[in-house]
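> First the structure, which I've put down as structure tokens, then a few questions once you've had a look.
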Amino acid sequence: MDSKLVQKLKPYILIIFLQFANAGFGIVAKAALNQGSSHYTFAVYRNAFAAAVFLPFAFVLERKTRPKMTLGIFMKILLLGVLDPVIGQNMFYAGLKYSTATFTAAMCNLLPALTFVLAWALRIEKVKLKEIRSHAKIVGTLVTVGGAMILTFIRGAVIELPWTHKSNDATSSTSNNSHNDPIKASILLLGSNIIYSSFFIIQAITLKSYPTALSLTALVCTLGALIGTVLTFIVERGNTAVWALGWNARLLGYVYGGIVASGMSYYISGVIMKDKGPVFVTAFNPLSMVAVAVMSSFIFAEQMTVGMVVGGAVIVIGLYLVIWGKSKDQKLVQLVQQQHKTATPNSLAKAADKEDDGSEKISGHNAV
């Protein structure tokens, strides 16, 4: 195969692999929680395995480029270690426990819109109300919220699938059990998405002063595992059973979450973003939702409802409106950067004014 064609197809192959890998984690995590895994220990073990994988590579590969640690940088890394590994992941797993894997995957598509709102509130994101691209981001955000409300409050008729119809009665305790609480799940998943949005913004700020991404990830996972351990001992005091490990779905969830969902996912996203930017990565998120829905219907015999399908579709429409607006921002920034290379002093001033109309790019694992 031609090398140029391989290079052209590489980002698409990697992003499709990444989305299916993330979908697999949603299934594995749900299976682990169904087996009684505590979401506190789930977060601890996931970050512990991730740290064990990242630390050796960070130590060897970035030992010459790693900047000096200062109190300011450490406080930012400590904040990152609390936000995603402790608060965000615990809220995510708790929300997954009260819902289905498909519902959770659909709610995760709110992340780009919430990141935009938070960045706008912090004045990192510049919005020009006269620009169509800004209209798209604002309307897209409102549409995703509307889709989340449909997903939460409207159930509708059950969509019968051939492979779930026969096992609906036998598996009702798994897919529609007493633990299912869409309102509580929505609140927890919305909270986790807000935390993740904050994490991505602070991560982008931290990388400016501590640009060694591998070391940053290793430190965040390590601090998250340590802080999460303390939290788990406080919350689950006296309950040593939550720390038990065995050859079951719980262990698979911990290892898969640490190595794939944290390790490979962070690395592959970074490789793709260097070439295509964060908008490209986020644009494929709905693929993970579809993959989760299909796999859940086979593995857990999850029942699809009209409300779930409509709500998920509305969220995806809103997501792509936000992505379209962000893609226009990115093209504007690239245009300004090209002008800087061949500009005169007068045109540089004009280009700077034009760049102010765009939005600053937020680098993050799944942020736009």
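Each chain in the structure tokens gets a letter, A, B, ..., in the order shown, and its residues are numbered from 1; ligands are numbered from 1 in order too.
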Using DSSP assignments from the backbone, pull out every residue in region 31-258 of chain A that falls under alpha helix (DSSP H) and give it to me as number ranges by chain.

A: 31-34, 39-61, 71-82, 89-97, 101-107, 111-121, 132-153, 162-165, 172-175, 182-209, 213-235, 249-256

> Using only C-alpha atoms, what does the table of region 259-329 of chain A residues within 12 Å of region 36-47 of chain A look like, with each row giving the shortest atom pair and its distance in Å to one decimal, sorted by chain and ascending number, as a tab-separated table?


```
residue	atom	partner	partner_atom	distance
A:Ile259	CA	A:Arg46	CA	8.1
A:Val260	CA	A:Arg46	CA	9.9
A:Ala261	CA	A:Arg46	CA	8.9
A:Ser262	CA	A:Asn47	CA	7.9
A:Gly263	CA	A:Asn47	CA	9.7
```

> Would you write out those residues with N, CA and C atoms, as a PDB file, in the first residue's frame?


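File written: part14.pdb
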```pdb
ATOM      1  N   ILE A 259      -4.957   0.805  31.644  1.00  0.00           N
ATOM      2  CA  ILE A 259      -4.061   0.689  30.494  1.00  0.00           C
ATOM      3  C   ILE A 259      -4.677   1.251  29.213  1.00  0.00           C
ATOM      4  N   VAL A 260      -5.948   0.920  28.964  1.00  0.00           N
ATOM      5  CA  VAL A 260      -6.584   1.332  27.703  1.00  0.00           C
ATOM      6  C   VAL A 260      -7.269   2.689  27.820  1.00  0.00           C
ATOM      7  N   ALA A 261      -8.232   2.815  28.758  1.00  0.00           N
ATOM      8  CA  ALA A 261      -9.019   4.049  28.847  1.00  0.00           C
ATOM      9  C   ALA A 261      -8.177   5.242  29.290  1.00  0.00           C
ATOM     10  N   SER A 262      -7.169   5.010  30.116  1.00  0.00           N
ATOM     11  CA  SER A 262      -6.300   6.112  30.530  1.00  0.00           C
ATOM     12  C   SER A 262      -5.036   6.159  29.678  1.00  0.00           C
ATOM     13  N   GLY A 263      -4.298   5.026  29.618  1.00  0.00           N
ATOM     14  CA  GLY A 263      -3.015   5.016  28.935  1.00  0.00           C
ATOM     15  C   GLY A 263      -3.088   5.181  27.435  1.00  0.00           C
TER      16      GLY A 263
END
```

> Nearest residue to Tyr98 (chain A) out of A:Gly307, A:Pro182, A:Gly270, A:Gly312, using only C-alpha atoms?

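Using only C-alpha atoms, the shortest distance to Tyr98 (chain A) belongs to A:Pro182.
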
> Would you mind listing, for every residue of region 78-186 of chain A within 6 Å of region 192-201 of chain A, the two atoms forming the shortest contact and the distance between them in Å to one decimal, using only C-alpha atoms, sorted by chain and ascending residue number, as JSON lines?


```
{"residue": "A:Gly88", "atom": "CA", "partner": "A:Ser192", "partner_atom": "CA", "distance": 4.6}
{"residue": "A:Met91", "atom": "CA", "partner": "A:Ser192", "partner_atom": "CA", "distance": 5.3}
{"residue": "A:Phe92", "atom": "CA", "partner": "A:Ser192", "partner_atom": "CA", "distance": 5.5}
{"residue": "A:Leu111", "atom": "CA", "partner": "A:Asn193", "partner_atom": "CA", "distance": 5.5}
{"residue": "A:Thr115", "atom": "CA", "partner": "A:Ser197", "partner_atom": "CA", "distance": 4.7}
```

> Filtering to C-alpha atoms, could you give me those residues as a compact mmCIF listing (two decimals), in the first residue's frame?


```txt
# COMPACT_ATOMS: atom_id res chain seq x y z
CA GLY A 88 -14.88 13.01 37.99
CA MET A 91 -19.29 10.55 39.72
CA PHE A 92 -19.02 8.80 36.34
CA LEU A 111 -18.71 17.15 27.19
CA THR A 115 -16.33 22.64 27.89
```

> For Ala52 (chain A), which of A:Cys221, A:Ala31, A:Ala213, A:Val158 is the closest residue, counting only C-alpha atoms?

A:Cys221
